[in-house]
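Novice: Pasting a structure here, questions to come.
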Amino acid sequence: MSNQESVADILNGLSPEAKELVARVHQLEKENLHLKTSSLLTTKIVEAVKELAK
C-alpha cells in the first residue's frame with residue numbers, strides 16, 4: 001500500500017469474491033474480540049474461506 005492509497009482504494013480494487021472474504025473475516029474478528037487465543041478465530045476464518053470457495 002502506497003502512502004497515497006487508502007483502505008477504500010484497496011478494497012475497491014478487490015474482486016467480488018475477495019471483498020466477500022474480507023467482509024466475512026472482519027465479521028468474525030468483531031464477533032471474537034473477546035478471545036484470548038487466536039486459534040479458534042483462525043479455524044473460523046479457514047472454515048469461511050472453504051465455504052466461500054465452494
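Residue numbering restarts at 1 for every chain of the C-alpha cells, chains are lettered A, B, ... in their displayed order, and ligands are numbered from 1 as they appear.
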Would you kindly return, as a list in words, each protein, DNA or RNA residue with an atom no farther than 10 Å from any atom of stretch 25-30 of chain A, considering only C-alpha atoms and excluding same-chain residues fewer than 3 positions away?
Specialist: Lys19, Glu20, Leu21, Val22, Leu33, His34, Leu35, Ser38, Leu41, Thr42, Lys44, Ile45, Val46, Ala48 and Val49 of chain A
Novice: Run DSSP on the backbone of this structure and report the residues of chain A it assigns to helix (DSSP H, G or I), as a ChimeraX atom specification.
Specialist: /A:7-12,16-31,39-53
Novice: List the spatial neighbours of stretch 7-18 of chain A as a list in words - criterion: any atom at most 12 Å away, only C-alpha atoms, same-chain residues fewer than 5 positions off excluded.
Specialist: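 Result of the neighbour search: Met1, Ser2, Ala23, Arg24, Val25, Ala48, Val49, Glu51, Leu52, Ala53 and Lys54 of chain A.
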Novice: Would you put the residues from that selection into a file with C-alpha atoms, as a JSON list (two decimals), in the first residue's frame?
Specialist:
[["chain", "number", "residue", "atom", "x", "y", "z"],
["A", 1, "MET", "CA", 0.00, 0.00, 0.00],
["A", 2, "SER", "CA", 1.47, 3.32, -1.02],
["A", 23, "ALA", "CA", -16.23, -8.80, 4.98],
["A", 24, "ARG", "CA", -16.55, -12.29, 6.48],
["A", 25, "VAL", "CA", -13.13, -12.14, 8.17],
["A", 48, "ALA", "CA", -15.20, -19.26, 5.98],
["A", 49, "VAL", "CA", -12.64, -19.44, 3.16],
["A", 51, "GLU", "CA", -17.28, -22.10, 2.41],
["A", 52, "LEU", "CA", -16.72, -19.21, 0.02],
["A", 53, "ALA", "CA", -14.51, -21.36, -2.23],
["A", 54, "LYS", "CA", -17.32, -23.85, -2.90]]
